[in-house]
file structure38.pdb (PDB, C-alpha atoms)
ATOM      1  CA  MET A   1     -32.912  19.304   1.321
ATOM      2  CA  ASP A   2     -33.136  15.904   2.920
ATOM      3  CA  MET A   3     -29.873  14.720   4.525
ATOM      4  CA  GLU A   4     -29.904  11.401   2.698
ATOM      5  CA  ALA A   5     -30.346  13.117  -0.666
ATOM      6  CA  ALA A   6     -27.535  15.573   0.114
ATOM      7  CA  ARG A   7     -25.311  12.589   1.007
ATOM      8  CA  MET A   8     -25.987  10.925  -2.312
ATOM      9  CA  ILE A   9     -25.264  14.101  -4.258
ATOM     10  CA  GLY A  10     -22.091  14.701  -2.248
ATOM     11  CA  ALA A  11     -20.828  11.196  -2.861
ATOM     12  CA  GLY A  12     -21.517  11.537  -6.555
ATOM     13  CA  LEU A  13     -19.650  14.847  -6.731
ATOM     14  CA  ALA A  14     -16.707  13.383  -4.821
ATOM     15  CA  VAL A  15     -15.730  11.113  -7.720
ATOM     16  CA  PHE A  16     -15.178  13.953 -10.237
ATOM     17  CA  PRO A  17     -11.386  14.053  -9.566
ATOM     18  CA  LEU A  18     -11.168  10.588 -11.069
ATOM     19  CA  LEU A  19     -11.169  12.385 -14.443
ATOM     20  CA  GLY A  20      -7.719  13.777 -13.628
ATOM     21  CA  VAL A  21      -6.533  10.433 -12.313
ATOM     22  CA  GLY A  22      -7.567   8.636 -15.487
ATOM     23  CA  LEU A  23      -5.686  11.191 -17.571
ATOM     24  CA  GLY A  24      -2.656  10.859 -15.316
ATOM     25  CA  ILE A  25      -2.470   7.080 -15.457
ATOM     26  CA  GLY A  26      -2.960   7.105 -19.223
ATOM     27  CA  SER A  27      -0.182   9.658 -19.518
ATOM     28  CA  ILE A  28       2.218   7.569 -17.432
ATOM     29  CA  PHE A  29       1.688   4.442 -19.477
ATOM     30  CA  SER A  30       1.743   6.261 -22.800
ATOM     31  CA  ASN A  31       5.145   7.702 -21.873
ATOM     32  CA  LEU A  32       6.251   4.268 -20.712
ATOM     33  CA  ILE A  33       5.341   2.727 -24.053
ATOM     34  CA  GLN A  34       7.123   5.510 -25.962
ATOM     35  CA  SER A  35      10.285   5.182 -23.856
ATOM     36  CA  VAL A  36      10.362   1.422 -24.251
ATOM     37  CA  ALA A  37       9.891   1.879 -27.996
ATOM     38  CA  ARG A  38      12.935   4.161 -28.094
ATOM     39  CA  ASN A  39      15.087   1.997 -25.874
ATOM     40  CA  PRO A  40      13.894  -1.605 -25.506
ATOM     41  CA  GLU A  41      16.960  -2.462 -23.423
ATOM     42  CA  ALA A  42      15.752  -0.364 -20.479
ATOM     43  CA  ARG A  43      12.397  -2.102 -20.294
ATOM     44  CA  LYS A  44      12.702  -3.604 -16.836
ATOM     45  CA  GLU A  45      13.889  -0.453 -15.114
ATOM     46  CA  LEU A  46      11.342   1.745 -16.866
ATOM     47  CA  PHE A  47       8.589  -0.691 -15.991
ATOM     48  CA  SER A  48       9.299  -0.546 -12.262
ATOM     49  CA  ILE A  49       9.359   3.258 -12.324
ATOM     50  CA  GLY A  50       6.106   3.126 -14.311
ATOM     51  CA  ILE A  51       4.490   0.871 -11.728
ATOM     52  CA  LEU A  52       5.613   3.199  -8.928
ATOM     53  CA  GLY A  53       4.097   6.163 -10.773
ATOM     54  CA  PHE A  54       0.891   4.239 -11.384
ATOM     55  CA  ALA A  55       0.525   3.347  -7.704
ATOM     56  CA  LEU A  56       1.141   6.921  -6.586
ATOM     57  CA  THR A  57      -1.475   8.239  -9.020
ATOM     58  CA  GLU A  58      -3.930   5.506  -8.025
ATOM     59  CA  ALA A  59      -3.522   6.662  -4.431
ATOM     60  CA  VAL A  60      -5.052  10.022  -5.392
ATOM     61  CA  ALA A  61      -8.013   8.184  -6.897
ATOM     62  CA  LEU A  62      -8.452   6.352  -3.640
ATOM     63  CA  PHE A  63      -8.306   9.552  -1.622
ATOM     64  CA  ALA A  64     -11.335  10.701  -3.632
ATOM     65  CA  LEU A  65     -13.053   7.358  -3.104
ATOM     66  CA  LEU A  66     -12.320   7.621   0.618
ATOM     67  CA  ILE A  67     -14.056  11.006   0.780
ATOM     68  CA  ALA A  68     -17.029   9.548  -1.082
ATOM     69  CA  PHE A  69     -17.275   6.695   1.418
ATOM     70  CA  LEU A  70     -16.907   9.048   4.373
ATOM     71  CA  ILE A  71     -19.748  11.172   3.038
ATOM     72  CA  LEU A  72     -21.984   8.191   2.304
ATOM     73  CA  PHE A  73     -21.481   6.189   5.440
ATOM     74  CA  LYS A  74     -20.832   8.633   8.265
TER      75      LYS A  74
ATOM     76  CA  MET B   1     -28.718  -8.093   2.714
ATOM     77  CA  ASP B   2     -25.644  -6.750   4.515
ATOM     78  CA  SER B   3     -23.966  -3.585   3.311
ATOM     79  CA  PRO B   4     -20.673  -4.241   1.480
ATOM     80  CA  LEU B   5     -18.821  -2.540   4.332
ATOM     81  CA  GLU B   6     -19.925  -5.198   6.820
ATOM     82  CA  GLN B   7     -16.853  -7.336   5.965
ATOM     83  CA  PHE B   8     -14.561  -4.798   7.633
ATOM     84  CA  ARG B   9     -16.200  -5.069  11.047
ATOM     85  CA  VAL B  10     -13.702  -6.169  13.701
ATOM     86  CA  LYS B  11     -15.231  -8.983  15.748
ATOM     87  CA  VAL B  12     -13.971  -9.876  19.214
ATOM     88  CA  LEU B  13     -13.097 -13.575  19.477
ATOM     89  CA  ILE B  14     -11.681 -13.740  23.009
ATOM     90  CA  PRO B  15     -12.530 -10.773  25.278
ATOM     91  CA  LEU B  16      -9.618  -9.699  27.447
ATOM     92  CA  HIS B  17      -9.558  -6.537  29.540
ATOM     93  CA  VAL B  18      -6.512  -5.411  31.527
ATOM     94  CA  GLY B  19      -7.748  -2.595  33.756
ATOM     95  CA  THR B  20      -9.313  -0.118  31.354
ATOM     96  CA  VAL B  21      -7.295  -1.292  28.341
ATOM     97  CA  ASP B  22      -9.112  -3.497  25.866
ATOM     98  CA  LEU B  23      -6.648  -6.168  24.728
ATOM     99  CA  SER B  24      -9.262  -8.490  23.253
ATOM    100  CA  PHE B  25      -8.200 -11.045  20.690
ATOM    101  CA  THR B  26     -10.091 -10.104  17.553
ATOM    102  CA  ASN B  27     -10.395 -11.589  14.080
ATOM    103  CA  SER B  28      -7.922  -8.903  13.006
ATOM    104  CA  SER B  29      -5.328 -10.183  15.520
ATOM    105  CA  LEU B  30      -6.020 -13.753  14.432
ATOM    106  CA  PHE B  31      -5.218 -12.944  10.832
ATOM    107  CA  MET B  32      -2.113 -10.985  11.792
ATOM    108  CA  MET B  33      -0.894 -14.086  13.642
ATOM    109  CA  LEU B  34      -1.800 -16.280  10.672
ATOM    110  CA  SER B  35       0.141 -13.942   8.409
ATOM    111  CA  ALA B  36       3.229 -14.151  10.639
ATOM    112  CA  LEU B  37       2.855 -17.944  10.726
ATOM    113  CA  ALA B  38       2.511 -18.052   6.943
ATOM    114  CA  ILE B  39       5.683 -15.979   6.587
ATOM    115  CA  PHE B  40       7.581 -18.358   8.895
ATOM    116  CA  LEU B  41       6.335 -21.337   6.917
ATOM    117  CA  PHE B  42       7.156 -19.676   3.594
ATOM    118  CA  LEU B  43      10.718 -18.879   4.606
ATOM    119  CA  GLY B  44      11.280 -22.005   6.701
ATOM    120  CA  VAL B  45      10.027 -24.601   4.250
ATOM    121  CA  GLY B  46      11.464 -22.734   1.280
ATOM    122  CA  LEU B  47      14.972 -22.581   2.695
ATOM    123  CA  ARG B  48      14.982 -26.068   4.198
ATOM    124  CA  LYS B  49      16.908 -27.791   1.422
ATOM    125  CA  LYS B  50      19.518 -25.029   0.958
ATOM    126  CA  SER B  51      20.523 -26.388  -2.441
ATOM    127  CA  LEU B  52      22.889 -24.361  -4.596
ATOM    128  CA  VAL B  53      20.603 -24.724  -7.585
ATOM    129  CA  PRO B  54      17.215 -23.902  -6.078
ATOM    130  CA  GLY B  55      14.078 -25.904  -6.683
ATOM    131  CA  ARG B  56      10.752 -24.167  -7.296
ATOM    132  CA  PHE B  57       9.836 -23.196  -3.749
ATOM    133  CA  GLN B  58      13.324 -22.122  -2.790
ATOM    134  CA  SER B  59      13.356 -20.012  -5.973
ATOM    135  CA  LEU B  60      10.282 -18.163  -4.769
ATOM    136  CA  VAL B  61      11.960 -17.297  -1.472
ATOM    137  CA  GLU B  62      15.167 -16.274  -3.245
ATOM    138  CA  ILE B  63      13.233 -14.131  -5.727
ATOM    139  CA  SER B  64      11.468 -12.230  -2.955
ATOM    140  CA  TYR B  65      14.814 -11.789  -1.144
ATOM    141  CA  GLU B  66      16.548 -10.484  -4.255
ATOM    142  CA  LEU B  67      13.629  -8.242  -5.167
ATOM    143  CA  ILE B  68      13.900  -6.360  -1.873
ATOM    144  CA  LEU B  69      17.721  -6.427  -1.821
ATOM    145  CA  GLY B  70      17.810  -5.023  -5.366
ATOM    146  CA  MET B  71      15.213  -2.412  -4.430
ATOM    147  CA  ILE B  72      17.306  -1.252  -1.470
ATOM    148  CA  ARG B  73      20.524  -1.253  -3.493
ATOM    149  CA  ASP B  74      18.916   0.761  -6.323
ATOM    150  CA  ASN B  75      17.172   3.325  -4.165
ATOM    151  CA  VAL B  76      19.255   3.709  -1.017
ATOM    152  CA  GLY B  77      22.669   2.486  -2.103
ATOM    153  CA  ASP B  78      25.043   0.324  -0.117
ATOM    154  CA  ALA B  79      24.502   2.302   3.077
ATOM    155  CA  GLY B  80      20.985   0.906   3.201
ATOM    156  CA  LYS B  81      21.910  -2.759   3.386
ATOM    157  CA  GLN B  82      21.601  -2.724   7.179
ATOM    158  CA  PHE B  83      17.933  -1.818   6.799
ATOM    159  CA  PHE B  84      17.189  -4.908   4.749
ATOM    160  CA  PRO B  85      15.489  -6.874   7.594
ATOM    161  CA  PHE B  86      13.232  -3.875   8.293
ATOM    162  CA  ILE B  87      12.093  -3.414   4.692
ATOM    163  CA  PHE B  88      11.853  -7.163   4.087
ATOM    164  CA  SER B  89       9.654  -7.647   7.164
ATOM    165  CA  ILE B  90       7.367  -4.807   6.168
ATOM    166  CA  PHE B  91       7.112  -6.116   2.612
ATOM    167  CA  LEU B  92       6.295  -9.691   3.639
ATOM    168  CA  PHE B  93       3.862  -8.617   6.364
ATOM    169  CA  VAL B  94       1.886  -6.362   4.024
ATOM    170  CA  LEU B  95       2.060  -8.903   1.174
ATOM    171  CA  PHE B  96       0.838 -11.836   3.225
ATOM    172  CA  GLY B  97      -1.778  -9.646   4.872
ATOM    173  CA  ASN B  98      -3.154  -8.629   1.505
ATOM    174  CA  LEU B  99      -3.009 -12.167   0.109
ATOM    175  CA  LEU B 100      -4.627 -13.803   3.146
ATOM    176  CA  GLY B 101      -7.498 -11.365   2.708
ATOM    177  CA  MET B 102      -8.193 -12.835  -0.723
ATOM    178  CA  ILE B 103      -9.236 -16.160   0.829
ATOM    179  CA  PRO B 104     -13.056 -16.327   1.018
ATOM    180  CA  TYR B 105     -14.463 -15.434   4.448
ATOM    181  CA  ALA B 106     -11.039 -14.219   5.612
ATOM    182  CA  PHE B 107     -10.446 -10.825   7.192
ATOM    183  CA  THR B 108      -8.099  -8.347   5.469
ATOM    184  CA  PHE B 109      -6.260  -6.751   8.336
ATOM    185  CA  THR B 110      -4.455  -4.309   6.019
ATOM    186  CA  SER B 111      -7.827  -2.693   5.335
ATOM    187  CA  GLN B 112      -7.816  -1.312   8.878
ATOM    188  CA  ILE B 113      -6.511   2.261   8.914
ATOM    189  CA  ILE B 114      -5.069   1.845  12.405
ATOM    190  CA  LEU B 115      -2.754  -0.922  11.210
ATOM    191  CA  THR B 116      -1.551   0.838   8.074
ATOM    192  CA  PHE B 117      -1.171   4.082  10.024
ATOM    193  CA  GLY B 118       0.879   2.245  12.646
ATOM    194  CA  LEU B 119       3.162   0.761   9.985
ATOM    195  CA  ALA B 120       3.514   4.097   8.171
ATOM    196  CA  CYS B 121       4.284   5.920  11.435
ATOM    197  CA  LEU B 122       6.867   3.245  12.242
ATOM    198  CA  VAL B 123       8.577   3.846   8.892
ATOM    199  CA  PHE B 124       8.334   7.642   9.258
ATOM    200  CA  VAL B 125       9.715   7.776  12.805
ATOM    201  CA  ALA B 126      12.472   5.258  11.993
ATOM    202  CA  VAL B 127      13.528   7.210   8.889
ATOM    203  CA  THR B 128      13.497  10.559  10.735
ATOM    204  CA  ILE B 129      15.571   9.116  13.587
ATOM    205  CA  VAL B 130      18.043   7.660  11.081
ATOM    206  CA  GLY B 131      18.256  11.081   9.436
ATOM    207  CA  PHE B 132      18.959  12.831  12.725
ATOM    208  CA  LEU B 133      21.489  10.219  13.793
ATOM    209  CA  LYS B 134      23.367  10.502  10.540
ATOM    210  CA  HIS B 135      23.272  14.265   9.964
ATOM    211  CA  GLY B 136      22.564  15.822  13.344
ATOM    212  CA  VAL B 137      20.991  19.270  13.253
ATOM    213  CA  ARG B 138      21.917  19.654   9.575
ATOM    214  CA  PHE B 139      18.946  17.355   8.849
ATOM    215  CA  PHE B 140      16.809  20.505   8.760
ATOM    216  CA  LYS B 141      18.609  21.551   5.584
ATOM    217  CA  PHE B 142      16.430  18.966   3.899
ATOM    218  CA  PHE B 143      13.556  21.456   3.960
ATOM    219  CA  LEU B 144      15.495  24.114   2.056
ATOM    220  CA  PRO B 145      16.772  22.529  -1.162
ATOM    221  CA  SER B 146      20.301  23.629  -2.014
ATOM    222  CA  GLY B 147      19.591  25.536  -5.244
ATOM    223  CA  ALA B 148      16.769  27.675  -3.867
ATOM    224  CA  PRO B 149      17.277  31.452  -3.297
ATOM    225  CA  LEU B 150      17.032  32.532   0.342
ATOM    226  CA  PHE B 151      14.105  34.939  -0.067
ATOM    227  CA  MET B 152      11.872  32.015  -1.003
ATOM    228  CA  ALA B 153      12.590  30.249   2.279
ATOM    229  CA  PRO B 154       9.467  31.526   4.166
ATOM    230  CA  ILE B 155       7.277  30.033   1.428
ATOM    231  CA  LEU B 156       9.338  26.973   0.647
ATOM    232  CA  ILE B 157      10.047  25.702   4.151
ATOM    233  CA  PRO B 158       6.380  25.379   5.281
ATOM    234  CA  ILE B 159       5.495  23.688   1.994
ATOM    235  CA  GLU B 160       8.372  21.229   2.311
ATOM    236  CA  LEU B 161       7.543  20.644   5.963
ATOM    237  CA  ILE B 162       3.879  19.903   5.262
ATOM    238  CA  SER B 163       4.795  17.632   2.390
ATOM    239  CA  TYR B 164       7.247  15.767   4.649
ATOM    240  CA  LEU B 165       4.687  15.395   7.427
ATOM    241  CA  SER B 166       2.056  14.144   5.010
ATOM    242  CA  ARG B 167       4.243  11.169   4.056
ATOM    243  CA  PRO B 168       2.980   8.733   6.723
ATOM    244  CA  LEU B 169      -0.566   9.893   5.986
ATOM    245  CA  SER B 170      -0.366   9.204   2.268
ATOM    246  CA  LEU B 171       1.534   5.949   2.792
ATOM    247  CA  SER B 172      -1.107   4.614   5.170
ATOM    248  CA  ILE B 173      -4.149   5.851   3.257
ATOM    249  CA  ARG B 174      -2.819   4.418  -0.022
ATOM    250  CA  LEU B 175      -2.654   0.881   1.358
ATOM    251  CA  PHE B 176      -5.827   1.111   3.445
ATOM    252  CA  ALA B 177      -7.968   2.665   0.715
ATOM    253  CA  ASN B 178      -6.715   0.250  -1.952
ATOM    254  CA  MET B 179      -7.580  -2.745   0.190
ATOM    255  CA  MET B 180     -10.922  -1.390   1.374
ATOM    256  CA  ALA B 181     -11.999  -0.197  -2.066
ATOM    257  CA  GLY B 182     -10.880  -3.431  -3.717
ATOM    258  CA  HIS B 183     -12.752  -5.675  -1.344
ATOM    259  CA  THR B 184     -15.844  -3.457  -1.373
ATOM    260  CA  MET B 185     -15.846  -3.576  -5.168
ATOM    261  CA  LEU B 186     -15.578  -7.377  -5.102
ATOM    262  CA  LYS B 187     -18.480  -7.519  -2.650
ATOM    263  CA  VAL B 188     -20.636  -5.228  -4.799
ATOM    264  CA  PHE B 189     -20.014  -7.257  -7.950
ATOM    265  CA  ALA B 190     -20.722 -10.459  -6.074
ATOM    266  CA  LEU B 191     -23.956  -8.850  -4.894
ATOM    267  CA  PHE B 192     -24.978  -8.435  -8.534
ATOM    268  CA  THR B 193     -24.520 -12.170  -9.019
ATOM    269  CA  VAL B 194     -26.857 -12.856  -6.101
ATOM    270  CA  LEU B 195     -29.409 -10.281  -7.180
ATOM    271  CA  LEU B 196     -29.590 -11.622 -10.728
ATOM    272  CA  GLY B 197     -30.735 -14.995  -9.451
ATOM    273  CA  ALA B 198     -30.601 -17.603 -12.186
ATOM    274  CA  TYR B 199     -29.001 -15.208 -14.709
ATOM    275  CA  GLY B 200     -26.137 -14.621 -12.260
ATOM    276  CA  ILE B 201     -24.047 -17.094 -14.211
ATOM    277  CA  SER B 202     -23.265 -14.328 -16.687
ATOM    278  CA  THR B 203     -21.307 -12.402 -14.037
ATOM    279  CA  VAL B 204     -18.982 -15.260 -13.067
ATOM    280  CA  LEU B 205     -16.306 -14.373 -15.647
ATOM    281  CA  LEU B 206     -16.265 -10.726 -14.587
ATOM    282  CA  ASN B 207     -15.959 -11.669 -10.908
ATOM    283  CA  THR B 208     -13.067 -14.009 -11.665
ATOM    284  CA  ILE B 209     -11.235 -11.290 -13.589
ATOM    285  CA  LEU B 210     -11.814  -8.843 -10.735
ATOM    286  CA  ILE B 211     -10.441 -11.308  -8.185
ATOM    287  CA  GLY B 212      -7.345 -11.760 -10.374
ATOM    288  CA  PHE B 213      -6.994  -7.981 -10.525
ATOM    289  CA  GLU B 214      -7.319  -7.783  -6.764
ATOM    290  CA  VAL B 215      -4.484 -10.309  -6.281
ATOM    291  CA  LEU B 216      -2.334  -8.160  -8.583
ATOM    292  CA  VAL B 217      -3.212  -5.097  -6.494
ATOM    293  CA  ALA B 218      -2.213  -7.037  -3.347
ATOM    294  CA  PHE B 219       1.300  -7.609  -4.723
ATOM    295  CA  LEU B 220       1.508  -4.103  -6.144
ATOM    296  CA  GLN B 221       0.532  -2.363  -2.917
ATOM    297  CA  ALA B 222       3.038  -4.366  -0.881
ATOM    298  CA  TYR B 223       5.737  -3.495  -3.448
ATOM    299  CA  VAL B 224       4.800   0.198  -3.504
ATOM    300  CA  PHE B 225       4.775   0.429   0.304
ATOM    301  CA  SER B 226       8.298  -1.017   0.399
ATOM    302  CA  VAL B 227       9.602   1.118  -2.480
ATOM    303  CA  LEU B 228       8.316   4.295  -0.867
ATOM    304  CA  SER B 229       9.865   3.301   2.473
ATOM    305  CA  CYS B 230      13.177   2.813   0.631
ATOM    306  CA  LEU B 231      12.808   6.230  -1.039
ATOM    307  CA  TYR B 232      12.109   7.960   2.280
ATOM    308  CA  LEU B 233      15.096   6.149   3.775
ATOM    309  CA  SER B 234      17.248   7.306   0.879
ATOM    310  CA  ASP B 235      16.046  10.886   1.467
ATOM    311  CA  ALA B 236      17.196  10.643   5.072
ATOM    312  CA  ILE B 237      20.553   8.995   4.372
ATOM    313  CA  ASN B 238      21.592  10.694   1.118
ATOM    314  CA  MET B 239      20.238  13.910  -0.463
ATOM    315  CA  HIS B 240      21.664  16.276   2.112
TER     316      HIS B 240
END
call {"tool": "encode", "arguments": {"input": "structure38.pdb", "output": "structure tokens"}}
result
Amino acid sequence: MDMEAARMIGAGLAVFPLLGVGLGIGSIFSNLIQSVARNPEARKELFSIGILGFALTEAVALFALLIAFLILFK
Amino acid sequence: MDSPLEQFRVKVLIPLHVGTVDLSFTNSSLFMMLSALAIFLFLGVGLRKKSLVPGRFQSLVEISYELILGMIRDNVGDAGKQFFPFIFSIFLFVLFGNLLGMIPYAFTFTSQIILTFGLACLVFVAVTIVGFLKHGVRFFKFFLPSGAPLFMAPILIPIELISYLSRPLSLSIRLFANMMAGHTMLKVFALFTVLLGAYGISTVLLNTILIGFEVLVAFLQAYVFSVLSCLYLSDAINMH
């Protein structure tokens, strides 16, 4: 198989983990909404923990994107 | 048409070689200096009036101060107050670096892995040294959590060790990849505007929304870098 074609296929395969990341981020915010609904007083504190969780999960998405870029442009 | 990754090329502005070491002044260094200058201006002009009831600009400075002070107090406790200048400097440097990169034709120096890796290594080494200074050799008990049975130690200790050593890696890659991916995405969507020619006007709203999102990510990534540094610091000081 041609190297360029293999690169394209590799980069396309490298973004499959984003499925898990999407589920994870949705899960974090769904739990955030439920917790705020139970206890509206704690909104600020829960929101900052939620943002921290979101950024950590997003980092995994970017690891996958990084691999895709490394495959495409190395 | 340039590839979207062309914006991350480091260009030498003033070549300067000392022996075999390349100390050239690049566009990356220029923007780091501009960021430091912007921080000085932000803090200097904001705190000039020193009024008890702050005006708008002084409020901004006080909000950023209290954000980081509150973050340290919540995560590290009162023992962490001495690390406030460290965390505050890191937060402002990363924040202004990210924000300066949003200016058109500017260079985002936080999208360079060597810079984010340097910052993350700085945090990691500082936190480890603080841990050793505070706890001595008992710092190694961190890798064997207190409730765990002893027969699990050969499995648990390597896992904990690897996860500890991967902290600077994940910290640096998070910031670098967010910035690089964000700016590449902006470039690609802007490319669509150019390629559509006259119909490119339909993409203007989307591009504006994406730029707004990218500014949000700039703030978020600076905040997350600082929060994680505070958490690692708290692991070294407490939790033993």
call {"tool": "interface_residues", "arguments": {"input": "structure38.pdb", "of": "chain A", "to": "chain B", "cutoff": "8 Å", "atoms": "only C-alpha atoms", "output": "PyMOL selection string"}}
result
chain A and resi 52+55+59+62-63+65-66
call {"tool": "write_last_selection", "arguments": {"input": "structure38.pdb", "atoms": "C-alpha atoms", "output": "CSV table (one decimal), keeping the file's coordinate frame"}}
result
chain,number,residue,atom,x,y,z
A,52,LEU,CA,5.6,3.2,-8.9
A,55,ALA,CA,0.5,3.3,-7.7
A,59,ALA,CA,-3.5,6.7,-4.4
A,62,LEU,CA,-8.5,6.4,-3.6
A,63,PHE,CA,-8.3,9.6,-1.6
A,65,LEU,CA,-13.1,7.4,-3.1
A,66,LEU,CA,-12.3,7.6,0.6
call {"tool": "resolve_selection", "arguments": {"input": "structure38.pdb", "expression": "the PyMOL selection byres ((chain A and resi 23-27) around 10)", "output": "PyMOL selection string"}}
result
chain A and resi 18-22+28-33+50+53-58
call {"tool": "closest_residue", "arguments": {"input": "structure38.pdb", "among": "B:Pro15, B:Glu160, B:Ile63, B:Gly197", "to": "Lys141 in chain B", "atoms": "all atoms listed in the file"}}
result
B:Glu160
call {"tool": "resolve_selection", "arguments": {"input": "structure38.pdb", "expression": "the PyMOL selection byres ((chain B and resi 25) around 12)", "output": "list in words"}}
result
Val10, Lys11, Val12, Leu13, Ile14, Pro15, Leu16, His17, Asp22, Leu23, Ser24, Thr26, Asn27, Ser28, Ser29, Leu30, Phe31, Met32 and Met33 of chain B
call {"tool": "residues_around", "arguments": {"input": "structure38.pdb", "residues": "Leu67 in chain B", "least_positions_apart": "2", "cutoff": "12 Å", "atoms": "all atoms listed in the file", "output": "ChimeraX atom specification"}}
result
/A:48 /B:59-65,69-74,84,87-88,91-92,223,226-227
call {"tool": "resolve_selection", "arguments": {"input": "structure38.pdb", "expression": "the PyMOL selection byres ((chain A and resi 7) around 12)", "output": "PyMOL selection string"}}
result
chain A and resi 1-6+8-14+67-74
call {"tool": "atom_distance", "arguments": {"input": "structure38.pdb", "atom1": "CA of Ala106 in chain B", "atom2": "CA of Leu191 in chain B"}}
result
17.5 Å
call {"tool": "atom_distance", "arguments": {"input": "structure38.pdb", "atom1": "CA of Phe96 in chain B", "atom2": "CA of Leu186 in chain B"}}
result
18.9 Å
call {"tool": "closest_residue", "arguments": {"input": "structure38.pdb", "among": "B:Val127, B:Ile155, B:Ala148, B:Leu119", "to": "Gly80 in chain B", "atoms": "only C-alpha atoms"}}
result
B:Val127
call {"tool": "atom_distance", "arguments": {"input": "structure38.pdb", "atom1": "CA of Lys134 in chain B", "atom2": "CA of Ile237 in chain B"}}
result
6.9 Å
call {"tool": "residues_around", "arguments": {"input": "structure38.pdb", "residues": "Val36 in chain A", "least_positions_apart": "5", "cutoff": "9 Å", "atoms": "all atoms listed in the file", "output": "list of chain:residue names"}}
result
A:Asn31, A:Glu41, A:Ala42, A:Arg43, A:Leu46, A:Phe47
call {"tool": "residues_around", "arguments": {"input": "structure38.pdb", "residues": "His183 in chain B", "least_positions_apart": "2", "cutoff": "12 Å", "atoms": "all atoms listed in the file", "output": "PyMOL selection string"}}
result
chain B and resi 4-8+98-99+101-111+176-181+185-190+207+210-211+213-215+217-218
call {"tool": "closest_residue", "arguments": {"input": "structure38.pdb", "among": "B:Gly200, B:Ile90, B:Ile157, B:Ser234", "to": "Gly118 in chain B", "atoms": "all atoms listed in the file"}}
result
B:Ile90
